[in-house]
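A.B. asks: File my_file_3.txt follows (compact mmCIF, C-alpha atoms):
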```txt
# COMPACT_ATOMS: atom_id res chain seq x y z
CA MET A 1 4.42 6.87 28.05
CA LEU A 2 2.54 4.19 29.96
CA LEU A 3 5.69 3.55 31.97
CA ARG A 4 5.82 7.09 33.28
CA ALA A 5 2.05 7.43 33.75
CA SER A 6 1.70 4.12 35.57
CA GLY A 7 4.60 5.04 37.85
CA GLN A 8 3.00 8.36 38.69
CA ALA A 9 -0.26 6.58 39.45
CA ILE A 10 1.38 4.71 42.33
CA ASP A 11 3.76 7.52 43.34
CA GLU A 12 6.83 5.79 41.93
CA ASP A 13 9.49 7.99 40.36
CA VAL A 14 10.15 5.92 37.26
CA GLU A 15 13.32 6.70 35.31
CA ILE A 16 12.39 6.30 31.67
CA GLU A 17 16.04 6.49 30.55
CA ALA A 18 16.17 2.80 31.44
CA THR A 19 14.19 2.05 28.31
CA VAL A 20 17.24 2.97 26.24
CA GLY A 21 19.68 1.14 28.50
CA ARG A 22 20.52 3.74 31.14
CA GLY A 23 19.88 2.67 34.75
CA ASP A 24 17.37 0.28 36.27
CA GLY A 25 14.23 2.37 35.88
CA GLY A 26 13.85 2.96 39.58
CA VAL A 27 11.27 0.21 39.92
CA ALA A 28 11.49 -2.89 42.07
CA LEU A 29 13.45 -5.69 40.35
CA GLY A 30 14.23 -3.24 37.54
CA ALA A 31 17.79 -4.42 36.93
CA SER A 32 16.81 -8.09 36.73
CA LEU A 33 13.80 -7.40 34.56
CA LEU A 34 15.89 -5.36 32.13
CA ARG A 35 18.69 -7.94 31.93
CA PHE A 36 16.13 -10.63 31.21
CA ALA A 37 14.28 -8.55 28.59
CA GLU A 38 17.52 -7.63 26.83
CA ALA A 39 18.95 -11.14 26.77
CA ALA A 40 15.70 -12.70 25.58
CA THR A 41 15.12 -10.11 22.87
CA ARG A 42 18.68 -10.14 21.55
CA GLY A 43 19.08 -13.91 21.86
CA SER A 44 22.30 -13.46 23.77
CA GLU A 45 24.27 -16.08 25.66
CA GLY A 46 23.33 -14.45 28.94
CA LEU A 47 19.70 -15.53 28.75
CA ALA A 48 20.01 -18.63 30.91
CA ALA A 49 21.69 -16.69 33.72
CA ALA A 50 19.22 -13.81 33.43
CA ARG A 51 16.35 -16.27 33.57
CA ARG A 52 17.68 -17.97 36.70
CA ALA A 53 18.30 -14.65 38.41
CA LEU A 54 14.86 -13.26 37.70
CA LEU A 55 13.15 -16.47 38.72
CA ALA A 56 15.03 -16.47 42.02
CA GLU A 57 14.46 -12.79 42.76
CA ALA A 58 10.91 -12.29 41.49
CA GLY A 59 9.33 -15.71 41.99
CA PRO A 60 7.62 -17.95 39.46
CA ALA A 61 4.46 -15.94 38.75
CA ALA A 62 6.31 -12.67 38.16
CA PHE A 63 8.89 -14.47 36.02
CA VAL A 64 6.16 -15.83 33.73
CA GLU A 65 4.62 -12.36 33.41
CA ALA A 66 7.96 -10.94 32.37
CA ALA A 67 8.46 -13.72 29.79
CA ALA A 68 4.96 -13.13 28.42
CA THR A 69 5.62 -9.40 28.09
CA VAL A 70 8.88 -10.06 26.26
CA GLY A 71 7.10 -12.44 23.92
CA ILE A 72 4.12 -10.32 22.98
CA PHE A 73 6.06 -7.10 22.54
CA ASN A 74 8.46 -8.79 20.16
CA GLY A 75 5.35 -9.49 18.09
CA LEU A 76 3.70 -6.10 18.60
CA VAL A 77 6.68 -4.09 17.35
CA ARG A 78 6.65 -6.07 14.09
CA VAL A 79 2.96 -5.44 13.57
CA ALA A 80 3.39 -1.72 14.25
CA ASP A 81 6.41 -1.21 12.01
CA ALA A 82 5.35 -3.46 9.14
CA THR A 83 1.99 -1.70 8.84
CA GLY A 84 3.33 1.80 9.49
CA ILE A 85 0.47 2.32 11.90
CA PRO A 86 0.44 5.94 13.09
CA LEU A 87 1.10 6.75 16.69
CA ASP A 88 -2.07 7.26 18.70
CA GLU A 89 -2.64 10.96 19.29
CA SER A 90 -2.59 10.70 23.08
CA THR A 91 0.72 8.82 22.93
CA ARG A 92 2.17 11.30 20.43
CA GLN A 93 1.38 14.17 22.76
CA ALA A 94 2.64 12.38 25.86
CA SER A 95 5.98 11.52 24.26
CA ILE A 96 6.88 15.07 23.23
CA PRO A 97 8.78 15.98 26.43
CA TYR A 98 11.35 13.20 26.17
CA ARG A 99 11.41 11.50 22.76
CA ASP A 100 14.33 13.62 21.53
CA ASP A 101 16.29 13.11 24.76
CA LEU A 102 15.90 9.37 24.51
CA GLY A 103 16.82 9.35 20.83
CA LEU A 104 13.48 7.89 19.80
CA THR A 105 13.10 10.27 16.86
CA ARG A 106 16.27 8.79 15.33
CA TYR A 107 14.51 5.47 14.88
CA ALA A 108 13.70 4.89 11.23
CA SER A 109 10.15 3.97 12.18
CA ALA A 110 9.58 7.50 13.51
CA ARG A 111 9.11 8.47 9.86
CA ASN A 112 5.83 6.63 9.89
CA THR A 113 4.29 9.24 12.14
CA ASP A 114 4.39 12.89 11.17
CA LEU A 115 5.58 14.50 14.39
CA SER A 116 5.53 18.03 13.08
CA VAL A 117 1.81 18.43 12.57
CA PRO A 118 -0.72 18.36 15.41
CA ASN A 119 -3.07 15.43 14.97
CA ALA A 120 -1.36 14.67 11.66
CA THR A 121 -2.82 11.21 11.41
CA THR A 122 -6.42 12.33 11.32
CA GLU A 123 -6.47 15.77 9.71
CA ALA A 124 -7.27 15.83 6.04
CA THR A 125 -4.71 17.41 3.75
CA PRO A 126 -6.28 20.13 1.57
CA SER A 127 -6.08 19.50 -2.13
CA PRO A 128 -3.82 21.92 -4.01
CA GLU A 129 -5.38 24.52 -6.28
CA PRO A 130 -5.50 23.19 -9.84
CA SER A 131 -2.90 24.79 -12.08
CA ARG A 132 -4.17 27.07 -14.82
CA MET B 1 0.68 -34.37 24.51
CA THR B 2 -1.34 -31.16 24.27
CA ALA B 3 0.35 -28.34 22.38
CA PHE B 4 1.69 -25.59 24.60
CA ASP B 5 1.09 -27.45 27.84
CA HIS B 6 4.24 -25.79 29.24
CA SER B 7 4.76 -28.71 31.61
CA THR B 8 8.55 -28.43 31.37
CA ALA B 9 8.58 -24.72 32.19
CA PRO B 10 10.50 -23.67 35.31
CA ALA B 11 7.37 -21.95 36.61
CA PRO B 12 3.63 -22.56 36.22
CA VAL B 13 2.15 -20.83 33.18
CA ARG B 14 -1.35 -19.36 33.34
CA LEU B 15 -3.82 -21.54 31.45
CA GLU B 16 -5.11 -18.66 29.30
CA ILE B 17 -1.63 -18.19 27.81
CA GLY B 18 -1.53 -21.79 26.60
CA ALA B 19 -5.11 -21.49 25.34
CA SER B 20 -4.34 -18.39 23.26
CA HIS B 21 -1.25 -20.04 21.79
CA ARG B 22 -3.27 -23.11 20.85
CA ALA B 23 -5.92 -20.87 19.23
CA PHE B 24 -3.22 -19.32 17.06
CA TRP B 25 -1.79 -22.74 16.18
CA GLN B 26 -5.26 -23.97 15.20
CA ARG B 27 -5.85 -20.93 13.01
CA LEU B 28 -2.32 -21.09 11.58
CA ALA B 29 -2.81 -24.60 10.16
CA GLY B 30 -5.88 -23.78 8.06
CA PRO B 31 -6.36 -21.66 4.95
CA GLY B 32 -6.69 -17.90 5.23
CA ALA B 33 -7.87 -15.33 2.72
CA SER B 34 -4.77 -15.53 0.51
CA TRP B 35 -2.63 -18.45 1.62
CA THR B 36 -3.33 -22.17 2.03
CA GLY B 37 -2.75 -23.92 5.33
CA ALA B 38 0.48 -25.39 3.98
CA GLN B 39 1.68 -21.96 2.89
CA ARG B 40 0.80 -20.43 6.26
CA VAL B 41 2.77 -23.10 8.11
CA GLU B 42 5.64 -22.48 5.68
CA ILE B 43 5.46 -18.75 6.54
CA ALA B 44 5.72 -19.65 10.23
CA LEU B 45 8.67 -21.93 9.49
CA GLU B 46 10.50 -19.18 7.64
CA ALA B 47 9.77 -16.71 10.45
CA ARG B 48 11.12 -19.19 12.98
CA ARG B 49 14.21 -19.82 10.86
CA ALA B 50 14.88 -16.11 10.42
CA ARG B 51 14.46 -15.37 14.12
CA LEU B 52 17.26 -17.78 14.95
CA ALA B 53 19.64 -15.48 13.08
CA ARG B 54 18.78 -12.34 15.07
CA ALA B 55 21.95 -12.45 17.17
CA ASN B 56 24.11 -12.46 14.04
CA PRO B 57 25.74 -9.22 12.88
CA PRO B 58 23.75 -7.35 10.20
CA TRP B 59 26.14 -8.25 7.39
CA LEU B 60 25.71 -11.94 8.17
CA ARG B 61 21.94 -11.65 8.51
CA GLY B 62 21.88 -10.09 5.07
CA LEU B 63 23.32 -13.26 3.60
CA LEU B 64 20.42 -15.34 4.88
CA THR B 65 18.48 -16.86 2.01
CA SER B 66 16.02 -19.68 1.60
CA GLU B 67 13.99 -21.45 -1.04
CA SER B 68 10.51 -22.83 -0.89
CA ASP B 69 8.24 -24.73 -3.24
CA LEU B 70 5.26 -23.14 -1.52
CA LEU B 71 6.12 -19.45 -1.23
CA PRO B 72 7.35 -16.95 -3.84
CA PRO B 73 10.77 -15.34 -3.24
CA VAL B 74 9.18 -11.95 -2.50
CA ALA B 75 7.22 -13.51 0.36
CA LEU B 76 10.29 -15.22 1.80
CA ALA B 77 12.25 -11.98 1.64
CA ALA B 78 9.39 -10.07 3.26
CA ILE B 79 9.22 -12.53 6.15
CA ARG B 80 12.96 -12.19 6.78
CA THR B 81 12.70 -8.39 6.79
CA ILE B 82 9.72 -8.41 9.15
CA VAL B 83 11.46 -10.76 11.56
CA LEU B 84 15.05 -9.50 11.41
CA ASP B 85 14.90 -5.88 10.25
CA GLN B 86 11.42 -4.61 10.93
CA HIS B 87 12.80 -1.27 12.08
CA ARG B 88 14.03 -0.59 8.54
CA ILE B 89 10.60 -0.98 6.95
CA ASP B 90 9.30 2.15 5.30
CA ARG B 91 6.41 3.04 3.01
CA ALA B 92 8.37 2.42 -0.20
CA TRP B 93 9.39 -1.09 0.91
CA ALA B 94 5.85 -1.94 1.96
CA ARG B 95 4.43 -0.57 -1.30
CA GLY B 96 6.81 -2.75 -3.30
CA VAL B 97 5.84 -5.92 -1.46
CA ILE B 98 2.14 -5.08 -1.61
CA GLU B 99 2.33 -4.49 -5.36
CA GLU B 100 3.57 -8.05 -5.79
CA LEU B 101 1.53 -9.89 -3.15
CA GLY B 102 -1.56 -7.73 -2.65
CA ASP B 103 -2.40 -5.98 0.60
CA VAL B 104 -4.53 -8.77 2.09
CA ALA B 105 -1.82 -11.38 1.44
CA TYR B 106 0.81 -9.06 2.89
CA VAL B 107 -1.11 -8.49 6.12
CA GLU B 108 -1.87 -12.20 6.45
CA LEU B 109 1.81 -12.99 6.00
CA LEU B 110 2.67 -10.37 8.63
CA ALA B 111 0.07 -11.74 11.04
CA VAL B 112 1.48 -15.26 10.83
CA SER B 113 5.08 -14.03 11.13
CA ALA B 114 4.49 -11.68 14.07
CA GLN B 115 2.45 -14.20 16.04
CA THR B 116 5.05 -16.89 15.45
CA VAL B 117 7.71 -14.53 16.78
CA ALA B 118 5.61 -13.74 19.86
CA VAL B 119 4.93 -17.39 20.67
CA ASP B 120 8.53 -18.47 20.04
CA ALA B 121 9.95 -15.54 22.00
CA PHE B 122 7.82 -16.51 24.97
CA SER B 123 8.91 -20.16 24.79
CA GLU B 124 12.56 -19.17 24.60
CA ALA B 125 12.28 -16.62 27.41
CA LEU B 126 10.53 -19.22 29.52
CA GLY B 127 13.27 -21.75 28.84
CA VAL B 128 11.24 -24.39 27.05
CA GLY B 129 11.69 -25.64 23.50
CA THR B 130 9.70 -24.19 20.65
CA GLU B 131 6.46 -25.98 19.87
CA PRO B 132 6.53 -28.17 16.73
CA LEU B 133 4.62 -26.46 13.95
CA PRO B 134 1.12 -27.83 13.32
CA ALA B 135 0.27 -30.11 10.41
CA PRO B 136 -1.44 -28.05 7.69
CA ARG B 137 -5.11 -28.58 6.97
CA GLY B 138 -6.50 -28.68 3.45
CA GLY B 139 -8.81 -26.19 1.82
CA ALA B 140 -8.55 -23.22 -0.47
CA PRO B 141 -8.07 -19.59 0.57
CA ASP B 142 -11.41 -17.76 0.65
CA ALA B 143 -10.17 -14.56 -1.03
CA GLY B 144 -12.12 -12.56 1.52
CA ARG B 145 -11.66 -8.86 2.02
CA PRO B 146 -13.32 -7.10 4.94
CA GLU B 147 -15.41 -3.96 4.48
CA GLY B 148 -15.47 -0.80 6.52
CA LEU B 149 -11.78 0.03 6.16
CA SER B 150 -10.21 3.44 5.72
CA ASP B 151 -6.86 5.15 5.24
CA ILE B 152 -5.53 6.60 8.50
CA GLY B 153 -2.01 7.04 7.20
CA ALA B 154 -0.73 3.49 7.61
CA PHE B 155 0.76 1.42 4.79
CA VAL B 156 -2.49 -0.54 4.59
CA PRO B 157 -6.16 0.32 5.17
CA VAL B 158 -7.49 -0.43 8.63
CA ALA B 159 -10.84 -0.54 10.41
CA SER B 160 -12.46 2.89 10.40
CA ALA B 161 -13.43 2.69 14.04
CA PHE B 162 -11.63 0.91 16.85
CA PRO B 163 -11.90 1.44 20.59
CA GLY B 164 -8.27 0.70 21.54
CA PRO B 165 -4.74 1.67 20.45
CA ASN B 166 -4.11 1.86 16.70
CA VAL B 167 -1.91 -1.24 16.71
CA GLY B 168 -5.00 -3.26 17.58
CA ARG B 169 -6.51 -2.45 14.17
CA ALA B 170 -3.27 -2.54 12.18
CA MET B 171 -4.10 -5.98 10.75
CA SER B 172 -7.79 -5.32 10.03
CA LEU B 173 -7.29 -6.72 6.51
CA ALA B 174 -6.88 -10.16 8.11
CA PRO B 175 -9.63 -10.09 10.73
CA ASP B 176 -9.47 -13.73 11.80
CA ASP B 177 -5.70 -13.56 12.25
CA ASN B 178 -6.05 -10.24 14.04
CA GLY B 179 -8.47 -12.00 16.35
CA THR B 180 -5.93 -14.61 17.43
CA PHE B 181 -3.31 -11.86 17.71
CA LEU B 182 -5.52 -9.88 20.07
CA GLY B 183 -6.06 -13.12 21.99
CA LEU B 184 -2.30 -13.38 22.47
CA VAL B 185 -2.13 -9.74 23.53
CA GLY B 186 -4.90 -10.28 26.04
CA SER B 187 -3.38 -13.33 27.67
CA MET B 188 0.25 -12.15 27.59
CA TYR B 189 -0.20 -8.43 28.36
CA ALA B 190 -3.56 -6.73 28.77
CA VAL B 191 -6.88 -6.06 27.16
CA SER B 192 -9.67 -5.41 29.65
CA ASP B 193 -7.35 -3.69 32.10
CA PHE B 194 -5.25 -1.88 29.49
CA GLY B 195 -6.69 1.49 30.43
CA GLU B 196 -6.03 1.02 34.15
CA LEU B 197 -2.74 2.51 35.29
CA VAL B 198 -2.74 0.55 38.54
CA TRP B 199 -2.83 -3.22 38.25
CA LYS B 200 -3.89 -4.94 41.42
CA ASP B 201 -3.63 -8.67 42.03
CA ARG B 202 -1.08 -9.21 39.27
CA PRO B 203 2.41 -10.63 39.85
CA LEU B 204 4.14 -7.56 38.41
CA SER B 205 3.07 -3.94 38.86
CA ARG B 206 2.09 -1.91 35.80
CA PRO B 207 5.39 0.04 35.82
CA GLN B 208 7.37 -3.22 35.97
CA VAL B 209 5.50 -4.61 32.96
CA GLU B 210 5.81 -1.34 31.04
CA LEU B 211 9.54 -1.20 31.78
CA VAL B 212 9.99 -4.60 30.13
CA ALA B 213 7.70 -3.62 27.25
CA ALA B 214 9.48 -0.33 26.62
CA ARG B 215 12.93 -1.94 26.72
CA VAL B 216 11.89 -4.61 24.22
CA SER B 217 10.48 -1.89 21.95
CA ALA B 218 13.65 0.19 22.21
CA ILE B 219 15.93 -2.74 21.41
CA ASN B 220 13.81 -3.31 18.32
CA GLU B 221 14.03 0.44 17.56
CA CYS B 222 10.26 0.64 17.36
CA PHE B 223 9.02 4.23 17.62
CA TYR B 224 5.38 3.22 18.06
```
Translate the structure described by the file into structure tokens.
C.D. replies:
Amino acid sequence: MLLRASGQAIDEDVEIEATVGRGDGGVALGASLLRFAEAATRGSEGLAAARRALLAEAGPAAFVEAAATVGIFNGLVRVADATGIPLDESTRQASIPYRDDLGLTRYASARNTDLSVPNATTEATPSPEPSR
Amino acid sequence: MTAFDHSTAPAPVRLEIGASHRAFWQRLAGPGASWTGAQRVEIALEARRARLARANPPWLRGLLTSESDLLPPVALAAIRTIVLDQHRIDRAWARGVIEELGDVAYVELLAVSAQTVAVDAFSEALGVGTEPLPAPRGGAPDAGRPEGLSDIGAFVPVASAFPGPNVGRAMSLAPDDNGTFLGLVGSMYAVSDFGELVWKDRPLSRPQVELVAARVSAINECFY
């Protein structure tokens, strides 16, 4: 959501399929950033090479920003999923056009947000009529 | 040597990142609402231990066990699930853990685990060793429970009003730990400029940062 919106804000045609491993996102240094993020998150043997490549291509300051983003988002996803925090309404709306295409609704954690009801996280559910 | 001085990193690290990590370490070592300082450091140790197994196949990760004189088995199992299989967590699992630990203790345990993962993931990505865990401080848990919480559909009650994204109030039951967590978020990602789609004077553009963030979330199968 923020990926697409921030790309549009600077007239970049961001390819969001890269988030699920297809392509380089169409942003500068996309391939190196993605290799680094994947290797660091999975703990794969390719991390050292991905680190060297990103450092050489992006420079030290950008490399540190990428490492910081990897770090904090590995924490953020655990907070979100372990609390079952509902998707923010603006994000829920913005994700409608592509979440099925990207396979996001197949994630088990999608169950934590009711995607079928508008504003489901804030609307009260009416109590059923008492049985007689 | 100062904790998190990052002097061996292959690139200079902004000072506010080290400061936020030290703030978490300081908070980690002392008692919380439900756990002693020693128990909190033990939670961090278990989270660190579990994270090392993340590259293993699922069947092998499932064999991971541990024992502790400081933490009950349900807490140890919860930490491993949060660190290794957070995408499998659902309401029934959370309810079961909360019934045994209590909701405040569960959120405090989550806060320590998630922040440990964030700090360790950064160190590893950077190419420096993980920081030695802090020595626990004494003192008893204060059994505090914040007021002004409500049910917005999460597994736990959260602050009724919050100006930012919901994840920022997900750990409202542990306000001091949520404070250090938001400090990490601010130094490692964004806080004051979160709502700005164009980031000027930063080493990476907003789309570059969001590309990394979204890929990390997808690998973790996090819908949020």
A.B. asks: Could you list the residues in chain A lying within 7 Å of chain B, using only C-alpha atoms, and format the result as JSON, numbers by chain?
C.D. replies: {"A": [2, 3, 6, 7, 9, 10, 19, 20, 27, 33, 34, 37, 38, 40, 41, 42, 43, 44, 60, 61, 62, 64, 65, 66, 67, 68, 69, 70, 71, 72, 73, 74, 75, 77, 78, 79, 80, 81, 82, 83, 84, 85, 86, 87, 88, 104, 107, 108, 109, 110, 121, 122]}
A.B. asks: Identify which of the residues B:Ala161, B:Leu45, B:Val97, B:Leu149 lies closest to Pro73 of chain B, counting all atoms listed in the file when measuring atom-to-atom distances.
C.D. replies: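 Among the listed residues, the smallest separation from Pro73 of chain B belongs to B:Val97.
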A.B. asks: Atom CA of Gly32 of chain B to atom CA of Asn112 of chain A: how many Å, to one decimal?
C.D. replies: 27.9 Å
A.B. asks: Which value, in Å to one decimal, gives the distance between atom CA of Asp176 of chain B and atom CA of Arg111 of chain A?
C.D. replies: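 Distance reported for this atom pair: 29.0 Å.
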A.B. asks: Given only C-alpha atoms as the basis, pick out the residue of A:Ser95, A:Ala49, A:Leu54, A:Gly103 nearest to Ala28 of chain A.
C.D. replies: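 Of A:Ser95, A:Ala49, A:Leu54, A:Gly103, the one nearest Ala28 of chain A is A:Leu54, counting only C-alpha atoms.
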A.B. asks: By how many Å are atom CA of Asp11 of chain A and atom CA of Pro163 of chain B apart?
C.D. replies: 28.3 Å
A.B. asks: Can you pull out every residue within 9 Å of segment 24-28 of chain B, counting all atoms listed in the file, but drop anything in the same chain fewer than 3 positions away, and send it as a list of chain:residue names?
C.D. replies: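 Skipping anything fewer than 3 positions along the chain leaves B:Ala3, B:Ala19, B:Ser20, B:His21, B:Pro31, B:Gly32, B:Gly37, B:Arg40, B:Val41, B:Ala44, B:Val112, B:Gln115, B:Thr116, B:Leu133, B:Pro134, B:Pro136, B:Asp176, B:Asp177, B:Thr180, B:Phe181, B:Gly183, B:Leu184.
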A.B. asks: Can you rebuild segment 173-196 of chain B with N, CA, C and O atoms and give it as a short mmCIF file (atom, residue, chain, number, x, y, z; two decimals), in the coordinates of the input?
C.D. replies:
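Done, and the output landed in result-v2.cif:
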```cif
data_model
loop_
_atom_site.label_atom_id
_atom_site.label_comp_id
_atom_site.auth_asym_id
_atom_site.auth_seq_id
_atom_site.Cartn_x
_atom_site.Cartn_y
_atom_site.Cartn_z
N LEU B 173 -7.10 -6.02 7.79
CA LEU B 173 -7.29 -6.72 6.51
C LEU B 173 -7.32 -8.24 6.69
O LEU B 173 -7.72 -8.95 5.78
N ALA B 174 -6.85 -8.73 7.81
CA ALA B 174 -6.88 -10.16 8.11
C ALA B 174 -7.59 -10.34 9.45
O ALA B 174 -6.96 -10.63 10.47
N PRO B 175 -8.92 -10.16 9.45
CA PRO B 175 -9.63 -10.09 10.73
C PRO B 175 -9.54 -11.34 11.60
O PRO B 175 -9.44 -11.23 12.82
N ASP B 176 -9.56 -12.51 10.98
CA ASP B 176 -9.47 -13.73 11.80
C ASP B 176 -8.09 -13.85 12.45
O ASP B 176 -7.97 -14.25 13.61
N ASP B 177 -7.06 -13.52 11.68
CA ASP B 177 -5.70 -13.56 12.25
C ASP B 177 -5.52 -12.45 13.28
O ASP B 177 -4.83 -12.64 14.29
N ASN B 178 -6.13 -11.31 13.04
CA ASN B 178 -6.05 -10.24 14.04
C ASN B 178 -6.75 -10.67 15.32
O ASN B 178 -6.34 -10.28 16.42
N GLY B 179 -7.76 -11.49 15.17
CA GLY B 179 -8.47 -12.00 16.35
C GLY B 179 -7.57 -12.86 17.23
O GLY B 179 -7.55 -12.70 18.46
N THR B 180 -6.83 -13.78 16.61
CA THR B 180 -5.93 -14.61 17.43
C THR B 180 -4.79 -13.76 17.99
O THR B 180 -4.31 -14.01 19.09
N PHE B 181 -4.37 -12.76 17.21
CA PHE B 181 -3.31 -11.86 17.71
C PHE B 181 -3.79 -11.11 18.95
O PHE B 181 -3.07 -11.04 19.96
N LEU B 182 -5.00 -10.58 18.90
CA LEU B 182 -5.52 -9.88 20.07
C LEU B 182 -5.73 -10.85 21.24
O LEU B 182 -5.63 -10.45 22.41
N GLY B 183 -5.98 -12.11 20.93
CA GLY B 183 -6.06 -13.12 21.99
C GLY B 183 -4.71 -13.30 22.68
O GLY B 183 -4.63 -13.42 23.91
N LEU B 184 -3.65 -13.30 21.88
CA LEU B 184 -2.30 -13.38 22.47
C LEU B 184 -2.01 -12.15 23.32
O LEU B 184 -1.47 -12.25 24.42
N VAL B 185 -2.37 -10.98 22.78
CA VAL B 185 -2.13 -9.74 23.53
C VAL B 185 -2.87 -9.77 24.87
O VAL B 185 -2.32 -9.40 25.91
N GLY B 186 -4.10 -10.24 24.82
CA GLY B 186 -4.90 -10.28 26.04
C GLY B 186 -4.33 -11.21 27.09
O GLY B 186 -4.31 -10.87 28.29
N SER B 187 -3.87 -12.37 26.68
CA SER B 187 -3.38 -13.33 27.67
C SER B 187 -1.95 -13.01 28.13
O SER B 187 -1.57 -13.33 29.26
N MET B 188 -1.16 -12.37 27.26
CA MET B 188 0.25 -12.15 27.59
C MET B 188 0.52 -10.74 28.12
O MET B 188 1.59 -10.47 28.66
N TYR B 189 -0.43 -9.82 27.93
CA TYR B 189 -0.20 -8.43 28.36
C TYR B 189 -1.48 -7.88 28.99
O TYR B 189 -1.65 -7.98 30.20
N ALA B 190 -2.35 -7.32 28.21
CA ALA B 190 -3.56 -6.73 28.77
C ALA B 190 -4.58 -6.47 27.68
O ALA B 190 -4.21 -6.21 26.55
N VAL B 191 -5.80 -6.54 28.04
CA VAL B 191 -6.88 -6.06 27.16
C VAL B 191 -7.89 -5.31 28.02
O VAL B 191 -7.98 -4.10 27.98
N SER B 192 -8.62 -6.05 28.87
CA SER B 192 -9.67 -5.41 29.65
C SER B 192 -9.12 -4.39 30.65
O SER B 192 -9.77 -3.39 30.94
N ASP B 193 -7.92 -4.64 31.14
CA ASP B 193 -7.35 -3.69 32.10
C ASP B 193 -6.27 -2.80 31.48
O ASP B 193 -5.48 -2.19 32.19
N PHE B 194 -6.27 -2.71 30.14
CA PHE B 194 -5.25 -1.88 29.49
C PHE B 194 -5.33 -0.42 29.93
O PHE B 194 -4.31 0.24 30.12
N GLY B 195 -6.53 0.09 30.09
CA GLY B 195 -6.69 1.49 30.43
C GLY B 195 -6.47 1.81 31.90
O GLY B 195 -6.51 2.98 32.30
N GLU B 196 -6.24 0.79 32.71
CA GLU B 196 -6.03 1.02 34.15
C GLU B 196 -4.54 1.17 34.43
O GLU B 196 -3.75 0.28 34.10
#
```
